[in-house]
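What follows is the content of structure.json, which has JSON, C-alpha atoms:
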[["chain", "number", "residue", "atom", "x", "y", "z"],
["A", 1, "MET", "CA", -86.69, -7.07, 10.08],
["A", 2, "ALA", "CA", -83.96, -6.46, 12.56],
["A", 3, "ASP", "CA", -82.63, -9.96, 11.94],
["A", 4, "ILE", "CA", -82.26, -9.35, 8.24],
["A", 5, "ALA", "CA", -80.61, -6.04, 8.93],
["A", 6, "PHE", "CA", -78.24, -7.77, 11.32],
["A", 7, "LEU", "CA", -77.38, -10.34, 8.72],
["A", 8, "LEU", "CA", -76.62, -7.69, 6.13],
["A", 9, "LEU", "CA", -74.68, -5.71, 8.66],
["A", 10, "ILE", "CA", -72.46, -8.65, 9.47],
["A", 11, "PHE", "CA", -71.98, -9.37, 5.78],
["A", 12, "PHE", "CA", -70.78, -5.84, 5.07],
["A", 13, "LEU", "CA", -68.68, -5.77, 8.22],
["A", 14, "VAL", "CA", -66.82, -8.84, 7.02],
["A", 15, "THR", "CA", -66.39, -7.80, 3.40],
["A", 16, "THR", "CA", -65.31, -4.25, 4.12],
["A", 17, "THR", "CA", -61.73, -3.39, 3.35],
["A", 18, "MET", "CA", -61.14, 0.20, 4.11],
["A", 19, "ASP", "CA", -57.84, 0.72, 2.39],
["A", 20, "THR", "CA", -57.60, 4.03, 0.67],
["A", 21, "ASP", "CA", -55.19, 3.92, -2.19],
["A", 22, "THR", "CA", -52.27, 6.21, -1.73],
["A", 23, "GLY", "CA", -48.97, 6.55, -3.47],
["A", 24, "ILE", "CA", -46.36, 8.72, -5.09],
["A", 25, "ALA", "CA", -47.57, 10.04, -8.42],
["A", 26, "ARG", "CA", -45.17, 10.22, -11.33],
["A", 27, "LYS", "CA", -45.37, 10.85, -15.02],
["A", 28, "LEU", "CA", -43.33, 8.74, -17.42],
["A", 29, "PRO", "CA", -41.69, 10.38, -20.42],
["A", 30, "PRO", "CA", -43.11, 9.31, -23.76],
["A", 31, "ILE", "CA", -40.89, 7.20, -25.97],
["A", 32, "LEU", "CA", -39.30, 9.49, -28.52],
["A", 33, "PRO", "CA", -38.96, 8.54, -32.16],
["A", 34, "GLU", "CA", -35.43, 7.43, -32.93],
["A", 35, "ASN", "CA", -34.42, 9.86, -35.65],
["A", 36, "LEU", "CA", -35.07, 12.94, -33.56],
["A", 37, "PRO", "CA", -32.26, 15.45, -33.08],
["A", 38, "PRO", "CA", -30.72, 15.17, -29.62],
["A", 39, "PRO", "CA", -32.22, 17.53, -27.02],
["A", 40, "PRO", "CA", -30.20, 20.64, -26.15],
["A", 41, "PRO", "CA", -27.59, 19.86, -23.53],
["A", 42, "ILE", "CA", -28.28, 20.85, -19.93],
["A", 43, "LYS", "CA", -25.50, 22.52, -17.96],
["A", 44, "GLU", "CA", -23.92, 20.06, -15.62],
["A", 45, "LYS", "CA", -24.41, 22.29, -12.59],
["A", 46, "ASN", "CA", -28.18, 22.19, -13.16],
["A", 47, "VAL", "CA", -28.33, 18.43, -12.94],
["A", 48, "PHE", "CA", -28.46, 16.74, -9.57],
["A", 49, "VAL", "CA", -27.39, 13.18, -10.13],
["A", 50, "VAL", "CA", -28.82, 10.72, -7.64],
["A", 51, "LEU", "CA", -27.67, 7.17, -8.05],
["A", 52, "ILE", "CA", -28.65, 4.01, -6.21],
["A", 53, "ASN", "CA", -26.56, 0.92, -6.79],
["A", 54, "SER", "CA", -27.52, -2.70, -6.39],
["A", 55, "ASN", "CA", -26.49, -2.73, -2.72],
["A", 56, "ASP", "CA", -28.96, 0.09, -2.04],
["A", 57, "ASN", "CA", -26.15, 2.56, -1.49],
["A", 58, "LEU", "CA", -26.99, 6.13, -2.36],
["A", 59, "PHE", "CA", -24.59, 8.34, -4.28],
["A", 60, "VAL", "CA", -25.27, 12.02, -4.86],
["A", 61, "GLU", "CA", -23.03, 13.72, -7.42],
["A", 62, "ASP", "CA", -20.59, 10.81, -7.07],
["A", 63, "ASP", "CA", -20.36, 11.05, -3.27],
["A", 64, "TYR", "CA", -21.79, 8.53, -0.85],
["A", 65, "MET", "CA", -24.72, 9.89, 1.16],
["A", 66, "ASP", "CA", -27.17, 8.65, 3.75],
["A", 67, "VAL", "CA", -30.85, 8.73, 2.79],
["A", 68, "LYS", "CA", -31.70, 11.00, 5.70],
["A", 69, "ASP", "CA", -29.37, 13.73, 4.39],
["A", 70, "LEU", "CA", -30.81, 13.59, 0.89],
["A", 71, "ARG", "CA", -33.78, 15.88, 1.53],
["A", 72, "ALA", "CA", -31.68, 18.78, 2.82],
["A", 73, "GLU", "CA", -29.13, 18.36, 0.03],
["A", 74, "ALA", "CA", -31.82, 18.32, -2.65],
["A", 75, "LYS", "CA", -33.39, 21.45, -1.18],
["A", 76, "ARG", "CA", -30.01, 23.15, -1.18],
["A", 77, "PHE", "CA", -29.53, 22.20, -4.81],
["A", 78, "ILE", "CA", -32.95, 23.38, -6.02],
["A", 79, "SER", "CA", -33.11, 26.65, -4.12],
["A", 80, "ASN", "CA", -29.55, 27.75, -4.79],
["A", 81, "PHE", "CA", -30.39, 30.64, -7.15],
["A", 82, "GLY", "CA", -26.86, 30.71, -8.54],
["A", 83, "ARG", "CA", -25.14, 31.36, -5.23],
["A", 84, "LEU", "CA", -22.94, 28.31, -4.96],
["A", 85, "GLU", "CA", -20.74, 27.09, -7.76],
["A", 86, "ASN", "CA", -21.93, 23.57, -8.44],
["A", 87, "TYR", "CA", -25.60, 23.86, -7.49],
["A", 88, "SER", "CA", -28.42, 24.96, -9.78],
["A", 89, "ASP", "CA", -28.87, 28.38, -11.41],
["A", 90, "ASN", "CA", -32.54, 28.58, -10.51],
["A", 91, "PRO", "CA", -35.37, 26.18, -9.63],
["A", 92, "GLN", "CA", -36.84, 26.28, -13.13],
["A", 93, "LYS", "CA", -33.62, 24.95, -14.60],
["A", 94, "ALA", "CA", -32.85, 22.43, -11.87],
["A", 95, "VAL", "CA", -33.28, 18.82, -12.90],
["A", 96, "ILE", "CA", -32.94, 15.84, -10.63],
["A", 97, "SER", "CA", -31.74, 12.77, -12.42],
["A", 98, "LEU", "CA", -32.52, 9.59, -10.56],
["A", 99, "GLN", "CA", -30.64, 6.54, -11.71],
["A", 100, "ASN", "CA", -30.96, 3.10, -10.32],
["A", 101, "ASP", "CA", -29.55, -0.32, -10.92],
["A", 102, "ARG", "CA", -31.63, -3.31, -11.89],
["A", 103, "GLY", "CA", -30.70, -4.79, -8.52],
["A", 104, "THR", "CA", -31.86, -1.83, -6.43],
["A", 105, "SER", "CA", -34.68, -2.76, -4.08],
["A", 106, "TYR", "CA", -38.06, -1.16, -4.62],
["A", 107, "GLU", "CA", -38.16, -0.08, -0.99],
["A", 108, "MET", "CA", -34.97, 1.97, -1.35],
["A", 109, "PHE", "CA", -36.19, 3.44, -4.63],
["A", 110, "ILE", "CA", -39.43, 4.58, -3.00],
["A", 111, "ALA", "CA", -37.53, 5.99, -0.03],
["A", 112, "VAL", "CA", -35.39, 8.11, -2.35],
["A", 113, "GLN", "CA", -38.39, 9.17, -4.42],
["A", 114, "ASN", "CA", -40.11, 10.13, -1.21],
["A", 115, "GLU", "CA", -37.21, 12.26, 0.00],
["A", 116, "LEU", "CA", -36.94, 14.06, -3.34],
["A", 117, "THR", "CA", -40.68, 14.74, -3.42],
["A", 118, "ALA", "CA", -40.45, 15.93, 0.18],
["A", 119, "ALA", "CA", -37.73, 18.39, -0.81],
["A", 120, "TYR", "CA", -39.97, 19.89, -3.46],
["A", 121, "ASN", "CA", -43.00, 19.90, -1.19],
["A", 122, "GLU", "CA", -41.12, 21.68, 1.58],
["A", 123, "LEU", "CA", -39.80, 24.29, -0.80],
["A", 124, "ARG", "CA", -43.27, 24.84, -2.23],
["A", 125, "ASP", "CA", -44.66, 25.21, 1.27],
["A", 126, "GLU", "CA", -41.99, 27.73, 2.17],
["A", 127, "GLU", "CA", -42.64, 29.75, -0.97],
["A", 128, "SER", "CA", -46.42, 29.64, -0.46],
["A", 129, "ASP", "CA", -45.95, 30.88, 3.07],
["A", 130, "LYS", "CA", -43.75, 33.71, 1.86],
["A", 131, "ARG", "CA", -46.11, 34.82, -0.90],
["A", 132, "PHE", "CA", -49.55, 34.09, 0.48],
["A", 133, "GLY", "CA", -49.00, 33.26, 4.15],
["A", 134, "LYS", "CA", -50.57, 29.82, 3.73],
["A", 135, "ASN", "CA", -49.58, 26.22, 3.23],
["A", 136, "PHE", "CA", -49.38, 24.99, -0.35],
["A", 137, "ASP", "CA", -52.36, 22.69, 0.18],
["A", 138, "ASP", "CA", -54.59, 25.59, 1.26],
["A", 139, "LEU", "CA", -53.96, 27.74, -1.80],
["A", 140, "THR", "CA", -56.41, 28.34, -4.62],
["A", 141, "GLU", "CA", -55.82, 26.57, -7.93],
["A", 142, "LYS", "CA", -54.37, 29.72, -9.48],
["A", 143, "GLN", "CA", -51.96, 30.30, -6.64],
["A", 144, "LYS", "CA", -50.92, 26.65, -6.71],
["A", 145, "LYS", "CA", -50.10, 26.96, -10.37],
["A", 146, "GLU", "CA", -47.95, 29.98, -9.69],
["A", 147, "ILE", "CA", -45.94, 28.12, -7.07],
["A", 148, "GLN", "CA", -45.71, 25.03, -9.26],
["A", 149, "GLU", "CA", -44.29, 27.13, -12.05],
["A", 150, "PHE", "CA", -41.76, 28.62, -9.67],
["A", 151, "TYR", "CA", -40.75, 25.21, -8.33],
["A", 152, "PRO", "CA", -41.46, 22.77, -11.14],
["A", 153, "GLN", "CA", -40.92, 19.19, -10.06],
["A", 154, "LYS", "CA", -38.39, 17.87, -12.50],
["A", 155, "ILE", "CA", -37.41, 14.40, -11.46],
["A", 156, "SER", "CA", -36.14, 12.37, -14.34],
["A", 157, "GLU", "CA", -36.04, 8.63, -13.98],
["A", 158, "ALA", "CA", -33.27, 7.59, -16.29],
["A", 159, "GLU", "CA", -33.38, 4.40, -18.26],
["A", 160, "PRO", "CA", -31.98, 1.49, -16.30],
["A", 161, "VAL", "CA", -28.32, 0.64, -16.34],
["A", 162, "ASN", "CA", -26.37, -2.17, -14.85],
["A", 163, "LEU", "CA", -24.20, -0.43, -12.31],
["A", 164, "GLY", "CA", -23.38, -3.44, -10.22],
["A", 165, "GLY", "CA", -22.43, -3.28, -6.58],
["A", 166, "GLY", "CA", -19.55, -1.55, -4.96],
["B", 1, "MET", "CA", -95.67, 10.72, 53.91],
["B", 2, "SER", "CA", -92.20, 11.36, 52.67],
["B", 3, "LYS", "CA", -91.77, 11.78, 48.99],
["B", 4, "PHE", "CA", -88.42, 10.10, 48.95],
["B", 5, "LYS", "CA", -88.36, 6.41, 49.53],
["B", 6, "LYS", "CA", -85.49, 5.24, 51.60],
["B", 7, "GLY", "CA", -83.77, 1.97, 50.79],
["B", 8, "GLY", "CA", -85.94, -0.83, 49.64],
["B", 9, "ALA", "CA", -85.38, -3.06, 46.66],
["B", 10, "LYS", "CA", -85.04, -1.01, 43.53],
["B", 11, "ALA", "CA", -85.73, -2.91, 40.34],
["B", 12, "THR", "CA", -83.61, -1.53, 37.52],
["B", 13, "PRO", "CA", -85.85, -0.92, 34.57],
["B", 14, "ALA", "CA", -84.94, -2.90, 31.47],
["B", 15, "ILE", "CA", -83.25, -0.93, 28.69],
["B", 16, "SER", "CA", -85.67, -0.35, 25.91],
["B", 17, "THR", "CA", -84.68, -2.17, 22.75],
["B", 18, "ALA", "CA", -87.17, -0.38, 20.61],
["B", 19, "SER", "CA", -84.43, 1.73, 18.99],
["B", 20, "LEU", "CA", -82.13, -1.20, 18.31],
["B", 21, "PRO", "CA", -83.27, -1.73, 14.70],
["B", 22, "ASP", "CA", -82.61, 1.94, 13.99],
["B", 23, "ILE", "CA", -79.09, 1.71, 15.29],
["B", 24, "VAL", "CA", -78.47, -1.44, 13.32],
["B", 25, "PHE", "CA", -79.80, 0.19, 10.19],
["B", 26, "ILE", "CA", -77.56, 3.19, 10.63],
["B", 27, "LEU", "CA", -74.55, 0.91, 10.98],
["B", 28, "LEU", "CA", -75.74, -1.13, 8.02],
["B", 29, "PHE", "CA", -75.97, 1.90, 5.78],
["B", 30, "PHE", "CA", -72.60, 3.13, 6.97],
["B", 31, "PHE", "CA", -70.88, -0.09, 6.02],
["B", 32, "MET", "CA", -72.81, -0.38, 2.77],
["B", 33, "VAL", "CA", -71.60, 3.02, 1.69],
["B", 34, "THR", "CA", -67.99, 2.65, 2.79],
["B", 35, "THR", "CA", -67.49, -0.87, 1.51],
["B", 36, "THR", "CA", -65.18, -1.32, -1.41],
["B", 37, "MET", "CA", -64.97, -4.91, -2.36],
["B", 38, "ARG", "CA", -61.69, -6.39, -3.48],
["B", 39, "GLU", "CA", -61.97, -7.02, -7.15],
["B", 40, "VAL", "CA", -59.02, -9.31, -7.58],
["B", 41, "THR", "CA", -57.55, -12.14, -5.59],
["B", 42, "LEU", "CA", -53.97, -11.41, -4.84],
["B", 43, "LEU", "CA", -51.61, -14.06, -6.13],
["B", 44, "VAL", "CA", -48.45, -12.22, -5.08],
["B", 45, "ASP", "CA", -47.01, -11.00, -1.80],
["B", 46, "ASN", "CA", -47.80, -7.38, -1.39],
["B", 47, "ARG", "CA", -46.12, -5.57, 1.45],
["B", 48, "LYS", "CA", -45.99, -2.04, 0.21],
["B", 49, "PRO", "CA", -43.16, 0.28, 1.21],
["B", 50, "TYR", "CA", -43.79, 3.32, 3.40],
["B", 51, "ALA", "CA", -43.70, 6.92, 2.27],
["B", 52, "THR", "CA", -44.80, 10.26, 3.68],
["B", 53, "GLU", "CA", -45.23, 12.43, 0.59],
["B", 54, "ILE", "CA", -48.23, 10.60, -0.73],
["B", 55, "GLU", "CA", -51.26, 11.54, -2.73],
["B", 56, "LYS", "CA", -54.63, 9.93, -2.55],
["B", 57, "LEU", "CA", -55.88, 8.22, -5.65],
["B", 58, "GLU", "CA", -59.24, 9.71, -6.43],
["B", 59, "ARG", "CA", -61.75, 8.18, -8.83],
["B", 60, "LYS", "CA", -61.16, 4.47, -8.52],
["B", 61, "SER", "CA", -62.78, 3.85, -11.89],
["B", 62, "LEU", "CA", -59.88, 5.64, -13.57],
["B", 63, "VAL", "CA", -57.19, 3.56, -11.91],
["B", 64, "SER", "CA", -55.76, 0.29, -13.18],
["B", 65, "TYR", "CA", -53.59, -1.89, -11.01],
["B", 66, "ILE", "CA", -50.46, -3.88, -11.64],
["B", 67, "TYR", "CA", -49.38, -6.09, -8.77],
["B", 68, "VAL", "CA", -45.75, -7.10, -8.48],
["B", 69, "GLY", "CA", -44.22, -9.47, -5.98],
["B", 70, "ALA", "CA", -43.13, -12.99, -5.23],
["B", 71, "PRO", "CA", -45.92, -15.58, -5.58],
["B", 72, "LYS", "CA", -47.83, -16.20, -2.38],
["B", 73, "ALA", "CA", -46.50, -19.00, -0.17],
["B", 74, "PHE", "CA", -49.08, -21.60, -1.22],
["B", 75, "LEU", "CA", -48.29, -21.03, -4.91],
["B", 76, "ARG", "CA", -44.52, -21.23, -4.58],
["B", 77, "GLY", "CA", -44.38, -24.94, -5.29],
["B", 78, "GLN", "CA", -45.88, -24.35, -8.69],
["B", 79, "PHE", "CA", -44.49, -20.97, -9.66],
["B", 80, "GLY", "CA", -41.25, -20.59, -7.71],
["B", 81, "SER", "CA", -40.34, -17.56, -5.63],
["B", 82, "GLU", "CA", -39.11, -15.24, -8.36],
["B", 83, "PRO", "CA", -41.17, -12.00, -8.35],
["B", 84, "ARG", "CA", -43.90, -11.90, -10.96],
["B", 85, "LEU", "CA", -46.46, -9.44, -12.07],
["B", 86, "GLN", "CA", -50.16, -9.92, -11.83],
["B", 87, "LEU", "CA", -52.71, -8.33, -14.10],
["B", 88, "ASN", "CA", -56.35, -8.81, -13.17],
["B", 89, "ASP", "CA", -56.67, -12.33, -11.78],
["B", 90, "SER", "CA", -53.66, -14.11, -13.21],
["B", 91, "TYR", "CA", -49.91, -13.91, -13.56],
["B", 92, "ALA", "CA", -48.79, -12.19, -16.71],
["B", 93, "LYS", "CA", -45.67, -11.80, -18.78],
["B", 94, "LEU", "CA", -44.15, -8.41, -19.49],
["B", 95, "ASN", "CA", -45.22, -8.43, -23.13],
["B", 96, "GLU", "CA", -48.86, -8.84, -22.12],
["B", 97, "ILE", "CA", -48.92, -5.35, -20.62],
["B", 98, "GLY", "CA", -49.46, -3.73, -24.01],
["B", 99, "GLN", "CA", -52.61, -5.72, -24.70],
["B", 100, "TRP", "CA", -53.82, -5.22, -21.14],
["B", 101, "ALA", "CA", -53.32, -1.45, -21.46],
["B", 102, "ILE", "CA", -55.49, -1.37, -24.56],
["B", 103, "THR", "CA", -58.26, -3.32, -22.81],
["B", 104, "GLU", "CA", -58.11, -1.05, -19.77],
["B", 105, "ARG", "CA", -58.26, 2.04, -21.92],
["B", 106, "GLU", "CA", -61.20, 0.73, -23.95],
["B", 107, "ALA", "CA", -63.16, 0.14, -20.76],
["B", 108, "ILE", "CA", -63.50, 3.80, -19.87],
["B", 109, "ASN", "CA", -65.15, 6.48, -21.90],
["B", 110, "GLU", "CA", -63.20, 8.50, -24.36],
["B", 111, "ALA", "CA", -63.27, 11.86, -22.62],
["B", 112, "GLU", "CA", -61.59, 10.49, -19.53],
["B", 113, "ARG", "CA", -58.95, 8.28, -21.10],
["B", 114, "ALA", "CA", -56.23, 10.84, -20.55],
["B", 115, "LEU", "CA", -56.87, 10.66, -16.81],
["B", 116, "LEU", "CA", -56.24, 6.92, -16.59],
["B", 117, "THR", "CA", -53.61, 6.17, -13.97],
["B", 118, "VAL", "CA", -51.71, 2.95, -13.51],
["B", 119, "SER", "CA", -51.07, 2.13, -9.91],
["B", 120, "ILE", "CA", -48.00, -0.06, -9.48],
["B", 121, "LYS", "CA", -48.48, -2.07, -6.34],
["B", 122, "ALA", "CA", -45.11, -3.63, -5.84],
["B", 123, "ASP", "CA", -43.77, -5.55, -2.89],
["B", 124, "LYS", "CA", -40.88, -3.83, -1.16],
["B", 125, "GLU", "CA", -38.57, -6.78, -1.75],
["B", 126, "VAL", "CA", -38.96, -6.55, -5.52],
["B", 127, "LYS", "CA", -35.89, -5.50, -7.44],
["B", 128, "MET", "CA", -36.07, -2.40, -9.60],
["B", 129, "GLY", "CA", -35.15, -4.37, -12.72],
["B", 130, "LEU", "CA", -38.64, -5.79, -12.96],
["B", 131, "VAL", "CA", -40.26, -2.46, -12.09],
["B", 132, "THR", "CA", -38.20, -0.70, -14.74],
["B", 133, "ASP", "CA", -39.22, -3.28, -17.34],
["B", 134, "ILE", "CA", -42.84, -2.62, -16.44],
["B", 135, "LYS", "CA", -42.27, 1.12, -16.76],
["B", 136, "GLN", "CA", -40.75, 0.63, -20.22],
["B", 137, "GLU", "CA", -43.75, -1.46, -21.30],
["B", 138, "LEU", "CA", -46.11, 1.21, -20.01],
["B", 139, "ARG", "CA", -44.24, 3.85, -21.95],
["B", 140, "LYS", "CA", -44.56, 1.77, -25.09],
["B", 141, "ALA", "CA", -48.29, 1.42, -24.40],
["B", 142, "GLN", "CA", -48.65, 5.18, -23.86],
["B", 143, "MET", "CA", -49.79, 4.76, -20.27],
["B", 144, "LEU", "CA", -47.74, 7.57, -18.83],
["B", 145, "LYS", "CA", -49.55, 8.46, -15.63],
["B", 146, "ILE", "CA", -48.34, 6.14, -12.93],
["B", 147, "ASN", "CA", -48.51, 5.95, -9.19],
["B", 148, "TYR", "CA", -46.14, 4.01, -6.98],
["B", 149, "SER", "CA", -48.45, 2.58, -4.38],
["B", 150, "THR", "CA", -47.24, 3.04, -0.80],
["B", 151, "ARG", "CA", -48.48, 3.00, 2.74],
["B", 152, "LYS", "CA", -48.44, 6.08, 4.90],
["B", 153, "GLY", "CA", -45.58, 6.15, 7.36],
["B", 154, "GLU", "CA", -41.97, 7.13, 7.81],
["B", 155, "ILE", "CA", -39.69, 5.53, 5.26],
["B", 156, "PHE", "CA", -38.20, 2.19, 6.28],
["B", 157, "SER", "CA", -40.50, 2.18, 9.29],
["B", 158, "ASP", "CA", -40.69, -1.60, 9.43],
["B", 159, "ARG", "CA", -37.01, -2.28, 9.23]]
Here is a file; write its structure as structure tokens.
Amino acid sequence: MADIAFLLLIFFLVTTTMDTDTGIARKLPPILPENLPPPPPIKEKNVFVVLINSNDNLFVEDDYMDVKDLRAEAKRFISNFGRLENYSDNPQKAVISLQNDRGTSYEMFIAVQNELTAAYNELRDEESDKRFGKNFDDLTEKQKKEIQEFYPQKISEAEPVNLGGG
Amino acid sequence: MSKFKKGGAKATPAISTASLPDIVFILLFFFMVTTTMREVTLLVDNRKPYATEIEKLERKSLVSYIYVGAPKAFLRGQFGSEPRLQLNDSYAKLNEIGQWAITEREAINEAERALLTVSIKADKEVKMGLVTDIKQELRKAQMLKINYSTRKGEIFSDR
């Protein structure tokens, strides 16, 4: 009996892969029919343009930026509430437009996605703490929805362009 | 007449092995329950990038995988080193994604089709051009819920 159990045990020990699947969740926009009227324009100050070129350089609103500064800058943009001139009016209107080149590496793309998600997550955590005195993850579904509506995650992945290096 | 023996050879009693099968069984059940067997053989390199803001993918039955990366070293002679995508157990072309999406969707019951997620497991060396093409194909196939598969860790932590 014990021998058989041992055999099975060794079999399962060897075949086990304990990788839990994790990742950054995103939703793609549906393809719109061609003869649709163009969507209403968004004010330029409400759009945060993040651009990665084929050399993995990051440009935010046309200025070069290091990846480690991106999180703070994105937070400043989203939670501006109309204070500064060229940042967003309010979080509901703020849109982050992420553009990348065909030559951008996937690693860099994920790093930028991660920083932008982190900006939203930190803001949501701060707001949850202010309203309910808890972390976002510990809230009830209803409270989560409230925070999500206050800080909607609007990250638009633009269609690819050939930006080239430089 | 002392109760306590002094010195003398003390034979250590053998450890009882009567409970060994029980322990083995407990371990056996543990591994049986936690085991998830790999369903596909990887034909591409797959070193996933690191990220911190990650979500766990629940309900494995509602997740379909697309692997992207350069062919594994032993296949390079035949297929070259240009990154390719792998669906199920073989390399695929971009235009096969549509058909694959239909098959994947058919495989799960109707009520849960909206919850189907595509997990893109891409190697970190892959260029975004290929990933973007895949995204476009998924949009055409109406598979809009995606997940960029990553490992947990600070970004660029293996640079």
Near chain A, meaning an atom within 6 Å, which residues of chain B appear when counting only C-alpha atoms? Write them as a ChimeraX atom specification.
/B:21,28,31,35,49,51,53-57,124,126-129,139,144-150,155
Using CA of Val47 in chain A and CA of Ser97 in chain A as the two end points, give the distance in Å to one decimal.
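Those two atoms sit 6.6 Å apart.
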Which value, in Å to one decimal, gives the distance between CA of Asp138 in chain A and CA of Tyr151 in chain A?
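It comes out at 16.8 Å.
The spacing separating CA of Ala101 in chain B from CA of Pro33 in chain A amounts to 20.5 Å.
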Which one of A:Ile52, A:Asn46, A:Pro38, A:Arg124 sits closest to Gln99 in chain A if you count only C-alpha atoms?
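Selected residue with least distance to Gln99 in chain A: A:Ile52.
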Complete range 139-159 of chain A at the level of N, CA and C atoms, written as a JSON list (two decimals), in the coordinates of the input.
[["chain", "number", "residue", "atom", "x", "y", "z"],
["A", 139, "LEU", "N", -53.89, 26.68, -0.80],
["A", 139, "LEU", "CA", -53.96, 27.74, -1.80],
["A", 139, "LEU", "C", -55.08, 27.47, -2.81],
["A", 140, "THR", "N", -55.46, 28.53, -3.53],
["A", 140, "THR", "CA", -56.41, 28.34, -4.62],
["A", 140, "THR", "C", -55.67, 27.73, -5.80],
["A", 141, "GLU", "N", -56.44, 27.23, -6.77],
["A", 141, "GLU", "CA", -55.82, 26.57, -7.93],
["A", 141, "GLU", "C", -54.84, 27.50, -8.64],
["A", 142, "LYS", "N", -55.21, 28.77, -8.76],
["A", 142, "LYS", "CA", -54.37, 29.72, -9.48],
["A", 142, "LYS", "C", -53.05, 29.94, -8.74],
["A", 143, "GLN", "N", -53.17, 30.09, -7.43],
["A", 143, "GLN", "CA", -51.96, 30.30, -6.64],
["A", 143, "GLN", "C", -51.06, 29.07, -6.68],
["A", 144, "LYS", "N", -51.70, 27.89, -6.63],
["A", 144, "LYS", "CA", -50.92, 26.65, -6.71],
["A", 144, "LYS", "C", -50.12, 26.60, -7.99],
["A", 145, "LYS", "N", -50.78, 27.00, -9.08],
["A", 145, "LYS", "CA", -50.10, 26.96, -10.37],
["A", 145, "LYS", "C", -48.88, 27.87, -10.37],
["A", 146, "GLU", "N", -49.06, 29.03, -9.75],
["A", 146, "GLU", "CA", -47.95, 29.98, -9.69],
["A", 146, "GLU", "C", -46.75, 29.36, -8.97],
["A", 147, "ILE", "N", -47.03, 28.73, -7.85],
["A", 147, "ILE", "CA", -45.94, 28.12, -7.07],
["A", 147, "ILE", "C", -45.34, 26.96, -7.86],
["A", 148, "GLN", "N", -46.22, 26.18, -8.51],
["A", 148, "GLN", "CA", -45.71, 25.03, -9.26],
["A", 148, "GLN", "C", -44.81, 25.48, -10.41],
["A", 149, "GLU", "N", -45.14, 26.65, -10.98],
["A", 149, "GLU", "CA", -44.29, 27.13, -12.05],
["A", 149, "GLU", "C", -42.96, 27.64, -11.50],
["A", 150, "PHE", "N", -43.00, 28.14, -10.29],
["A", 150, "PHE", "CA", -41.76, 28.62, -9.67],
["A", 150, "PHE", "C", -40.87, 27.45, -9.26],
["A", 151, "TYR", "N", -41.49, 26.42, -8.72],
["A", 151, "TYR", "CA", -40.75, 25.21, -8.33],
["A", 151, "TYR", "C", -41.27, 24.01, -9.11],
["A", 152, "PRO", "N", -40.96, 23.93, -10.39],
["A", 152, "PRO", "CA", -41.46, 22.77, -11.14],
["A", 152, "PRO", "C", -40.75, 21.50, -10.68],
["A", 153, "GLN", "N", -41.52, 20.44, -10.55],
["A", 153, "GLN", "CA", -40.92, 19.19, -10.06],
["A", 153, "GLN", "C", -40.32, 18.44, -11.24],
["A", 154, "LYS", "N", -39.03, 18.53, -11.37],
["A", 154, "LYS", "CA", -38.39, 17.87, -12.50],
["A", 154, "LYS", "C", -37.54, 16.73, -11.98],
["A", 155, "ILE", "N", -38.15, 15.59, -11.87],
["A", 155, "ILE", "CA", -37.41, 14.40, -11.46],
["A", 155, "ILE", "C", -37.40, 13.45, -12.64],
["A", 156, "SER", "N", -36.22, 13.23, -13.18],
["A", 156, "SER", "CA", -36.14, 12.37, -14.34],
["A", 156, "SER", "C", -35.67, 10.99, -13.91],
["A", 157, "GLU", "N", -36.45, 9.99, -14.29],
["A", 157, "GLU", "CA", -36.04, 8.63, -13.98],
["A", 157, "GLU", "C", -35.34, 8.08, -15.21],
["A", 158, "ALA", "N", -34.05, 8.00, -15.13],
["A", 158, "ALA", "CA", -33.27, 7.59, -16.29],
["A", 158, "ALA", "C", -33.54, 6.14, -16.63],
["A", 159, "GLU", "N", -33.23, 5.79, -17.85],
["A", 159, "GLU", "CA", -33.38, 4.40, -18.26],
["A", 159, "GLU", "C", -32.39, 3.55, -17.46]]
